[in-house]
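Coordinates as given in entry17.csv (CSV, C-alpha atoms):
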```csv
chain,number,residue,atom,x,y,z
A,182,MET,CA,32.9,85.2,80.6
A,183,ALA,CA,33.7,83.2,77.5
A,184,SER,CA,31.6,85.8,75.6
A,185,ASN,CA,34.4,88.3,76.1
A,186,TYR,CA,36.6,86.1,73.9
A,187,ALA,CA,33.8,85.6,71.4
A,188,GLY,CA,33.2,89.3,71.2
A,189,GLY,CA,36.9,89.9,70.5
A,190,GLN,CA,36.8,87.3,67.7
A,191,TYR,CA,33.7,89.0,66.3
A,192,LYS,CA,35.5,92.3,66.1
A,193,GLU,CA,38.6,90.8,64.6
A,194,TYR,CA,36.7,89.0,61.8
A,195,THR,CA,34.4,92.0,61.2
A,196,ALA,CA,37.5,94.1,60.6
A,197,MET,CA,38.9,91.5,58.3
A,198,LEU,CA,35.6,91.2,56.4
A,199,ARG,CA,35.5,95.0,55.8
A,200,GLN,CA,39.1,95.0,54.5
A,201,ARG,CA,38.3,92.2,52.0
A,202,MET,CA,35.1,93.8,51.0
A,203,SER,CA,36.9,97.0,50.2
A,204,GLU,CA,38.8,95.1,47.4
A,205,LEU,CA,35.6,93.7,45.9
A,206,PRO,CA,33.0,95.2,43.5
A,207,SER,CA,30.4,97.4,45.2
A,208,PHE,CA,27.5,95.0,44.5
A,209,CYS,CA,29.1,92.4,46.9
A,210,ALA,CA,28.1,94.5,49.9
A,211,GLU,CA,24.4,93.7,49.1
A,212,PHE,CA,25.3,90.0,49.1
A,213,PHE,CA,26.9,90.1,52.5
A,214,ARG,CA,24.1,92.1,54.0
A,215,GLY,CA,21.6,89.6,52.6
A,216,ILE,CA,23.3,86.6,54.2
A,217,GLU,CA,24.2,88.3,57.5
A,218,ASN,CA,21.3,86.8,59.6
A,219,GLU,CA,22.0,83.2,58.5
A,220,THR,CA,25.8,83.1,58.6
A,221,LEU,CA,28.6,83.7,61.1
A,222,VAL,CA,31.0,86.6,60.5
A,223,ARG,CA,33.8,84.1,60.2
A,224,THR,CA,31.9,82.4,57.4
A,225,ARG,CA,31.3,85.7,55.6
A,226,CYS,CA,35.0,86.5,55.9
A,227,ALA,CA,35.9,83.2,54.2
A,228,TYR,CA,33.3,83.9,51.5
A,229,ALA,CA,34.9,87.3,50.9
A,230,GLY,CA,38.3,85.7,50.5
A,231,ASP,CA,36.9,83.1,48.1
A,232,LEU,CA,35.2,85.8,46.0
A,233,ARG,CA,38.3,87.9,45.9
A,234,ASN,CA,40.3,85.0,44.5
A,235,PHE,CA,37.6,84.2,41.9
A,236,PHE,CA,37.4,87.8,40.7
A,237,ARG,CA,41.2,87.9,40.4
A,238,PHE,CA,41.1,84.8,38.3
A,239,VAL,CA,38.4,86.4,36.1
A,240,THR,CA,40.4,89.6,35.5
A,241,THR,CA,43.8,87.9,34.9
A,242,GLU,CA,42.9,84.6,33.2
A,243,LEU,CA,39.7,85.1,31.2
A,244,PRO,CA,40.5,86.9,27.9
A,245,ALA,CA,37.2,88.9,27.9
A,246,PHE,CA,38.1,90.6,31.2
A,247,GLN,CA,41.9,90.7,31.2
A,248,GLY,CA,43.3,94.1,32.2
A,249,ARG,CA,40.2,95.0,34.1
A,250,GLU,CA,40.3,96.0,37.8
A,251,VAL,CA,38.4,93.7,40.1
A,252,LYS,CA,36.3,96.5,41.5
A,253,SER,CA,35.2,97.5,38.0
A,254,LEU,CA,33.4,94.2,37.4
A,255,THR,CA,29.6,94.4,37.1
A,256,LEU,CA,26.8,91.9,37.6
A,257,SER,CA,26.4,92.0,33.8
A,258,ASP,CA,30.0,90.8,33.5
A,259,LEU,CA,29.2,87.8,35.8
A,260,ASP,CA,26.2,87.0,33.7
A,261,ALA,CA,28.6,86.5,30.7
A,262,ILE,CA,30.7,83.9,32.5
A,263,SER,CA,30.1,80.3,31.4
A,264,ALA,CA,30.1,77.0,33.3
A,265,THR,CA,33.2,76.0,31.4
A,266,GLU,CA,35.0,79.1,32.8
A,267,ILE,CA,33.9,78.1,36.3
A,268,GLU,CA,35.4,74.7,35.7
A,269,MET,CA,38.6,76.5,34.5
A,270,TYR,CA,38.7,78.4,37.8
A,271,LEU,CA,38.5,75.2,39.8
A,272,ALA,CA,41.3,73.7,37.8
A,273,HIS,CA,43.3,76.9,38.3
A,274,VAL,CA,43.0,76.9,42.1
A,275,SER,CA,44.3,73.3,42.3
A,276,TYR,CA,47.8,74.9,42.1
A,277,TYR,CA,48.7,78.5,41.5
A,278,THR,CA,51.1,81.3,42.6
A,279,ALA,CA,49.5,84.0,44.8
A,280,GLU,CA,50.3,87.7,44.5
A,281,ASP,CA,52.9,87.4,47.2
A,282,ASN,CA,54.6,84.7,45.2
A,283,ARG,CA,53.4,82.0,47.6
A,284,GLU,CA,52.5,78.6,46.1
A,285,VAL,CA,49.0,77.6,46.9
A,286,VAL,CA,47.6,74.1,46.6
A,287,ASN,CA,43.9,73.2,47.1
A,288,GLN,CA,42.6,69.7,47.4
A,289,ASP,CA,39.1,68.6,46.5
A,290,ARG,CA,37.6,69.7,49.9
A,291,ALA,CA,38.9,73.2,49.5
A,292,LYS,CA,37.8,73.4,45.9
A,293,ALA,CA,34.3,72.3,46.9
A,294,ARG,CA,34.1,75.1,49.4
A,295,LYS,CA,35.2,77.6,46.8
A,296,LEU,CA,32.6,76.4,44.4
A,297,SER,CA,29.9,76.5,47.1
A,298,THR,CA,30.8,80.1,47.8
A,299,ILE,CA,30.3,81.0,44.1
A,300,ARG,CA,27.1,79.0,44.0
A,301,SER,CA,25.7,80.9,47.0
A,302,PHE,CA,26.7,84.2,45.4
A,303,TYR,CA,25.0,83.5,42.1
A,304,LYS,CA,22.0,82.0,43.8
A,305,TYR,CA,21.5,85.1,45.8
A,306,PHE,CA,21.5,87.5,42.9
A,307,CYS,CA,19.4,85.1,40.7
A,308,LYS,CA,16.8,85.1,43.4
A,309,LYS,CA,16.9,88.9,43.4
A,310,GLU,CA,16.5,88.8,39.6
A,311,LYS,CA,19.7,90.7,39.1
A,312,LEU,CA,21.4,87.8,37.4
A,313,LYS,CA,19.8,85.7,34.6
A,314,ASN,CA,22.4,82.9,34.4
A,315,ASN,CA,23.6,80.6,37.1
A,316,PRO,CA,26.6,78.7,35.6
A,317,PRO,CA,28.0,77.5,39.0
A,318,SER,CA,24.9,75.4,39.5
A,319,LEU,CA,25.8,73.5,36.3
A,320,VAL,CA,29.2,72.5,37.7
A,321,ASP,CA,29.5,69.4,39.8
A,322,LEU,CA,31.1,69.6,43.2
A,323,PRO,CA,34.4,67.8,43.5
A,324,THR,CA,34.1,64.3,45.0
A,325,ILE,CA,35.2,64.4,48.6
A,326,ARG,CA,36.5,61.0,49.8
A,327,GLU,CA,36.0,60.4,53.4
A,328,LYS,CA,39.1,60.0,55.5
A,329,ALA,CA,39.5,57.3,58.1
A,330,ILE,CA,38.8,58.8,61.5
A,331,ILE,CA,41.9,58.6,63.7
A,332,ARG,CA,41.3,58.3,67.4
A,333,LEU,CA,43.2,57.1,70.5
A,334,GLU,CA,42.5,53.7,72.1
A,335,PRO,CA,42.1,53.7,75.9
A,336,ASN,CA,45.6,52.5,76.6
A,337,GLU,CA,46.9,55.3,74.3
A,338,VAL,CA,45.0,57.9,76.2
A,339,ALA,CA,46.7,56.8,79.4
A,340,ILE,CA,50.1,56.9,77.7
A,341,LEU,CA,49.5,60.4,76.4
A,342,LEU,CA,48.4,61.8,79.8
A,343,ASP,CA,51.4,60.1,81.4
A,344,VAL,CA,53.8,61.8,78.9
A,345,VAL,CA,52.2,65.2,79.7
A,346,GLN,CA,52.4,64.6,83.4
A,347,SER,CA,56.0,63.3,83.5
A,348,GLY,CA,57.6,65.0,80.5
A,349,ASP,CA,59.4,61.8,79.6
A,350,GLY,CA,60.6,61.8,76.0
A,351,LEU,CA,60.8,65.6,75.7
A,352,THR,CA,64.1,67.2,74.7
A,353,GLU,CA,66.2,69.0,77.3
A,354,LYS,CA,65.0,72.3,75.9
A,355,GLN,CA,61.4,71.3,76.0
A,356,LYS,CA,61.8,70.1,79.5
A,357,LYS,CA,62.8,73.6,80.6
A,358,TYR,CA,59.4,74.9,79.4
A,359,HIS,CA,57.6,71.8,80.6
A,360,VAL,CA,58.4,72.7,84.2
A,361,ARG,CA,56.3,75.9,83.7
A,362,THR,CA,53.5,74.5,81.6
A,363,GLN,CA,53.0,71.0,82.9
A,364,LYS,CA,49.8,71.8,85.0
A,365,ARG,CA,48.3,73.9,82.2
A,366,ASP,CA,49.0,71.3,79.5
A,367,LEU,CA,47.6,68.5,81.6
A,368,ALA,CA,44.4,70.5,82.2
A,369,ILE,CA,44.1,71.2,78.5
A,370,LEU,CA,44.5,67.6,77.4
A,371,THR,CA,42.2,66.3,80.1
A,372,LEU,CA,39.5,68.7,79.0
A,373,PHE,CA,39.8,67.6,75.4
A,374,LEU,CA,39.6,63.9,76.4
A,375,GLY,CA,37.1,64.3,79.2
A,376,THR,CA,34.5,66.7,77.6
A,377,GLY,CA,35.0,66.6,73.8
A,378,ILE,CA,35.4,70.4,73.8
A,379,ARG,CA,36.3,72.1,70.5
A,380,ILE,CA,39.6,74.0,70.4
A,381,SER,CA,37.9,77.3,69.6
A,382,GLU,CA,35.7,76.8,72.7
A,383,LEU,CA,38.6,75.9,74.9
A,384,VAL,CA,40.8,78.9,74.2
A,385,GLY,CA,37.8,81.1,74.9
A,386,ILE,CA,37.2,79.9,78.5
A,387,ASP,CA,37.6,82.5,81.2
A,388,MET,CA,38.3,81.7,84.9
A,389,ASP,CA,34.8,82.7,86.0
A,390,ASP,CA,33.2,80.4,83.5
A,391,ILE,CA,34.1,77.4,85.7
A,392,ASN,CA,31.8,76.2,88.5
A,393,PHE,CA,33.6,73.7,90.6
A,394,SER,CA,30.6,73.2,92.9
A,395,ALA,CA,28.7,71.7,90.0
A,396,ASN,CA,31.7,70.4,88.0
A,397,GLU,CA,30.6,72.4,84.9
A,398,PHE,CA,31.7,75.4,82.8
A,399,SER,CA,30.1,77.6,80.2
A,400,ILE,CA,31.4,77.9,76.7
A,401,ILE,CA,30.4,79.7,73.5
A,402,ARG,CA,29.6,77.1,70.8
A,403,LYS,CA,30.6,77.2,67.2
A,404,GLY,CA,27.4,78.9,66.2
A,405,GLY,CA,27.7,81.6,68.9
A,406,ASN,CA,25.3,80.1,71.4
A,407,GLN,CA,26.2,79.7,75.0
A,408,ASP,CA,26.3,76.1,76.4
A,409,ILE,CA,27.3,74.3,79.6
A,410,LEU,CA,29.7,71.3,79.6
A,411,VAL,CA,30.1,69.0,82.6
A,412,PHE,CA,33.4,67.5,83.6
A,413,GLY,CA,34.4,64.4,85.6
A,414,ASP,CA,36.6,64.0,88.6
A,415,GLU,CA,39.8,63.6,86.6
A,416,ALA,CA,39.2,66.9,84.8
A,417,ARG,CA,38.2,68.5,88.1
A,418,ALA,CA,41.5,67.5,89.7
A,419,ALA,CA,43.6,68.7,86.8
A,420,LEU,CA,41.7,72.0,86.6
A,421,LEU,CA,42.0,72.7,90.3
A,422,ASP,CA,45.7,71.9,90.2
A,423,TYR,CA,46.2,74.4,87.4
A,424,MET,CA,43.9,77.0,88.9
A,425,LEU,CA,46.2,77.2,92.0
A,426,GLU,CA,49.0,78.1,89.7
A,427,ARG,CA,47.0,80.3,87.4
A,428,GLU,CA,45.8,82.5,90.2
A,429,ARG,CA,49.4,83.5,91.0
A,430,ILE,CA,50.1,84.6,87.4
A,431,ILE,CA,49.6,88.3,86.6
A,432,ALA,CA,48.3,88.3,83.0
A,433,GLU,CA,49.0,91.0,80.4
A,434,GLU,CA,46.4,93.8,80.1
A,435,GLY,CA,43.3,92.6,78.3
A,436,HIS,CA,44.0,88.9,79.1
A,437,GLU,CA,43.3,89.0,82.9
A,438,GLU,CA,40.2,86.8,82.7
A,439,ALA,CA,41.6,84.1,80.4
A,440,LEU,CA,41.9,80.7,81.9
A,441,PHE,CA,44.7,79.3,79.8
A,442,LEU,CA,47.7,81.6,79.3
A,443,SER,CA,50.8,81.4,77.1
A,444,LEU,CA,54.2,81.8,78.5
A,445,GLN,CA,53.9,85.5,77.5
A,446,ARG,CA,50.9,85.7,80.0
A,447,LYS,CA,48.4,86.2,77.2
A,448,ARG,CA,45.4,84.1,76.3
A,449,ILE,CA,46.7,81.0,74.6
A,450,THR,CA,46.1,80.8,70.9
A,451,VAL,CA,44.5,78.0,68.8
A,452,ARG,CA,47.9,77.4,67.1
A,453,ALA,CA,49.7,77.1,70.4
A,454,VAL,CA,47.3,74.5,71.6
A,455,GLU,CA,47.6,72.6,68.3
A,456,ASN,CA,51.4,72.6,68.8
A,457,LEU,CA,51.4,71.3,72.3
A,458,VAL,CA,49.0,68.5,71.5
A,459,GLU,CA,51.2,67.5,68.5
A,460,LYS,CA,54.3,67.7,70.7
A,461,TYR,CA,53.1,65.2,73.3
A,462,ALA,CA,51.3,63.0,70.8
A,463,ALA,CA,54.4,62.5,68.7
A,464,ILE,CA,56.0,60.9,71.8
A,465,ALA,CA,53.0,58.9,73.1
A,466,VAL,CA,51.7,57.6,69.8
A,467,PRO,CA,54.3,58.3,67.1
A,468,LEU,CA,52.4,56.3,64.4
A,469,LYS,CA,49.3,58.5,64.7
A,470,LYS,CA,48.9,62.1,63.7
A,471,ILE,CA,46.9,63.5,66.6
A,472,SER,CA,45.4,66.9,66.7
A,473,PRO,CA,42.9,68.5,69.2
A,474,HIS,CA,40.1,67.5,66.9
A,475,LYS,CA,41.3,63.8,67.1
A,476,LEU,CA,41.1,64.1,70.9
A,477,ARG,CA,37.5,65.3,70.5
A,478,SER,CA,36.8,62.3,68.3
A,479,THR,CA,38.4,60.0,70.9
A,480,TYR,CA,35.9,61.4,73.5
A,481,GLY,CA,32.9,61.0,71.2
A,482,THR,CA,33.9,57.4,70.4
A,483,THR,CA,34.5,56.5,74.0
A,484,LEU,CA,31.1,58.0,75.0
A,485,TYR,CA,29.3,56.2,72.3
A,486,ARG,CA,30.9,52.9,73.1
A,487,GLU,CA,30.0,53.2,76.7
A,488,THR,CA,26.4,54.4,76.3
A,489,GLY,CA,25.3,53.4,72.8
A,490,ASP,CA,23.3,56.6,72.8
A,491,ILE,CA,24.0,58.6,69.6
A,492,TYR,CA,21.7,61.4,70.6
A,493,LEU,CA,23.6,61.9,73.9
A,494,VAL,CA,26.9,62.1,71.9
A,495,ALA,CA,25.4,64.6,69.5
A,496,ASP,CA,24.1,66.7,72.4
A,497,VAL,CA,27.4,66.7,74.3
A,498,LEU,CA,29.5,67.4,71.2
A,499,GLY,CA,27.2,70.2,70.2
A,500,HIS,CA,26.2,68.7,66.8
A,501,LYS,CA,23.0,70.3,65.5
A,502,ASP,CA,22.3,67.3,63.2
A,503,VAL,CA,22.5,63.8,64.7
A,504,ASN,CA,23.3,62.4,61.3
A,505,THR,CA,26.6,64.3,61.5
A,506,THR,CA,27.4,62.4,64.7
A,507,ARG,CA,26.3,59.1,63.3
A,508,LYS,CA,28.5,59.7,60.2
A,509,HIS,CA,31.6,60.5,62.3
A,510,TYR,CA,31.2,57.6,64.7
A,511,ALA,CA,30.4,54.9,62.3
A,512,ALA,CA,33.5,52.9,63.4
A,513,ALA,CA,32.0,52.7,66.9
A,514,SER,CA,28.8,51.2,65.5
A,515,GLU,CA,30.9,48.7,63.7
A,516,ASP,CA,32.3,47.5,67.0
A,517,ARG,CA,28.7,46.9,68.2
A,518,ARG,CA,27.9,45.0,65.0
A,519,ARG,CA,30.9,42.8,65.5
A,520,LEU,CA,29.6,42.1,69.0
A,521,ALA,CA,26.2,41.2,67.6
A,522,ALA,CA,27.9,38.8,65.2
A,523,LYS,CA,29.6,37.0,68.1
A,524,VAL,CA,26.6,36.9,70.4
A,525,VAL,CA,24.2,35.1,68.0
A,526,LYS,CA,25.0,31.3,68.0
A,527,LEU,CA,23.5,29.2,65.2
A,528,ARG,CA,24.7,25.8,66.7
A,529,GLU,CA,26.1,24.9,70.0
A,530,ASP,CA,29.8,24.1,70.1
```

Could you render the structure as structure tokens?
Amino acid sequence: MASNYAGGQYKEYTAMLRQRMSELPSFCAEFFRGIENETLVRTRCAYAGDLRNFFRFVTTELPAFQGREVKSLTLSDLDAISATEIEMYLAHVSYYTAEDNREVVNQDRAKARKLSTIRSFYKYFCKKEKLKNNPPSLVDLPTIREKAIIRLEPNEVAILLDVVQSGDGLTEKQKKYHVRTQKRDLAILTLFLGTGIRISELVGIDMDDINFSANEFSIIRKGGNQDILVFGDEARAALLDYMLERERIIAEEGHEEALFLSLQRKRITVRAVENLVEKYAAIAVPLKKISPHKLRSTYGTTLYRETGDIYLVADVLGHKDVNTTRKHYAAASEDRRRLAAKVVKLRED
């Protein structure tokens, strides 16, 4: 079941969270226990990383705390930090050199997330009346400018799938691997374009999650809930073709149930899927930077154009809030508005 993969991910992030918490002041443990029921372990792990970076800034850049160990910080110390110093932190993370001498750059979206983490942290302890001041609440979130949504047009979808199927445009070295991965890659691309599945959901699929008699398969959604996705005839054909090949592969121990395998006979990783999508897209649509999420957007746009039902699109894509769907598929609604403008005639020609 896909839950096997989700369980493995839970253990991995839990171990990472515990490692990061071991580097933080002891009072942080209370915060993570307090938000456990309303956040995913992956989210808490990201929070721990953000807090670790913030406390390192406090002990290295703020004169009042320079020379202190991160673990020695107290809630009273945090009460003494000002809104101006929070702003200084946001300016700092725009560009800095990490402890491993790696240069780190954060754009507005990443800076907004870091500020949101600190806000949540202070809000929690203010609610518990263990902090008196809440300086992060006085700092404005960076303005996040919406990016144009890149998606494939119908003819580009056909070209992309043709490239995956034929291997035309690949280098000679890539063609040697393509012989072994063609059926797998076509099944993966077809699922993205035919169901709008997320990449994290796709890599977690096990062989027994697929029900060909009903043309459906079970997945674990982003929030940890199980769901069912239905696929069409094209995806069915691609999956069946790959399954005949997959059943002959002896997977590495611990990966026996995984549907999609790497050439090392292990469950394919998110990064490997991103790489193969980018590889084929660079040939099929060189002027567009296509990722698995762009293929998901392509599916959502196509579904909305065909049905005009934003609630159906939200349900199939697994969006909890339909406003999220409406926001991301505004371009599709513009197409319908243009149609409306052409349909209404004020005077006969």

Between CA of Glu382 (chain A) and CA of Asp408 (chain A), what distance in Å does the model show, to one decimal?
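These atoms are spaced 10.1 Å apart.
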
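Across the structure, CA of His436 (chain A) and CA of Tyr461 (chain A) are spaced 26.0 Å apart.
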
Counting only C-alpha atoms, closest pick from A:Asp258, A:Asp231, A:Glu266, A:Asp502 relative to Lys292 (chain A) is A:Asp231

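Counting all atoms listed in the file and comparing A:Gly405, A:Phe213, A:Leu457, A:Thr371, the residue that lies closest to His359 (chain A) is A:Leu457.
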
Leaving out Phe212 (chain A) and any residue of its chain fewer than 4 positions from it, which residues lie within 9 Å of it when counting only C-alpha atoms, given as a list in words?
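In the requested form, the answer reads Phe208, Ile216, Glu217, Phe302, Tyr305 and Phe306 of chain A.
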
Closest of A:Ile409, A:Leu442, A:Leu383, A:Leu333 to Thr483 (chain A) - atom-to-atom distances counting all atoms listed in the file
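Checking each candidate against Thr483 (chain A), we get A:Leu333 as the closest.
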
Return the single residue from A:His474, A:Arg294, A:Arg507, A:Arg214 that is closest to Leu374 (chain A), with distances computed using all atoms listed in the file.
A:His474

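You will find CA of Ala264 (chain A) at 18.6 Å from CA of Lys308 (chain A).
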
For a quick check of understanding, using only C-alpha atoms, which of A:Val274, A:Val411, A:Val503, A:Met269 has the smallest distance to Asn287 (chain A)?
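Comparing A:Val274, A:Val411, A:Val503, A:Met269 against Asn287 (chain A), the winner is A:Val274.
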
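Closest to Arg199 (chain A) among A:Arg365, A:Gly230, A:Ser297, A:Leu271 is A:Gly230, based on all atoms listed in the file.
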
Got a sec: who's within 9 Å of Leu296 (chain A), counting all atoms listed in the file, leaving out chain neighbours fewer than 6 positions off, as a VMD selection string?
chain A and resid 231 267 271 317 320 to 323

Write a file of the selected residues as a CSV table (one decimal), in the coordinates of the input, keeping C-alpha atoms.
```csv
chain,number,residue,atom,x,y,z
A,231,ASP,CA,36.9,83.1,48.1
A,267,ILE,CA,33.9,78.1,36.3
A,271,LEU,CA,38.5,75.2,39.8
A,317,PRO,CA,28.0,77.5,39.0
A,320,VAL,CA,29.2,72.5,37.7
A,321,ASP,CA,29.5,69.4,39.8
A,322,LEU,CA,31.1,69.6,43.2
A,323,PRO,CA,34.4,67.8,43.5
```
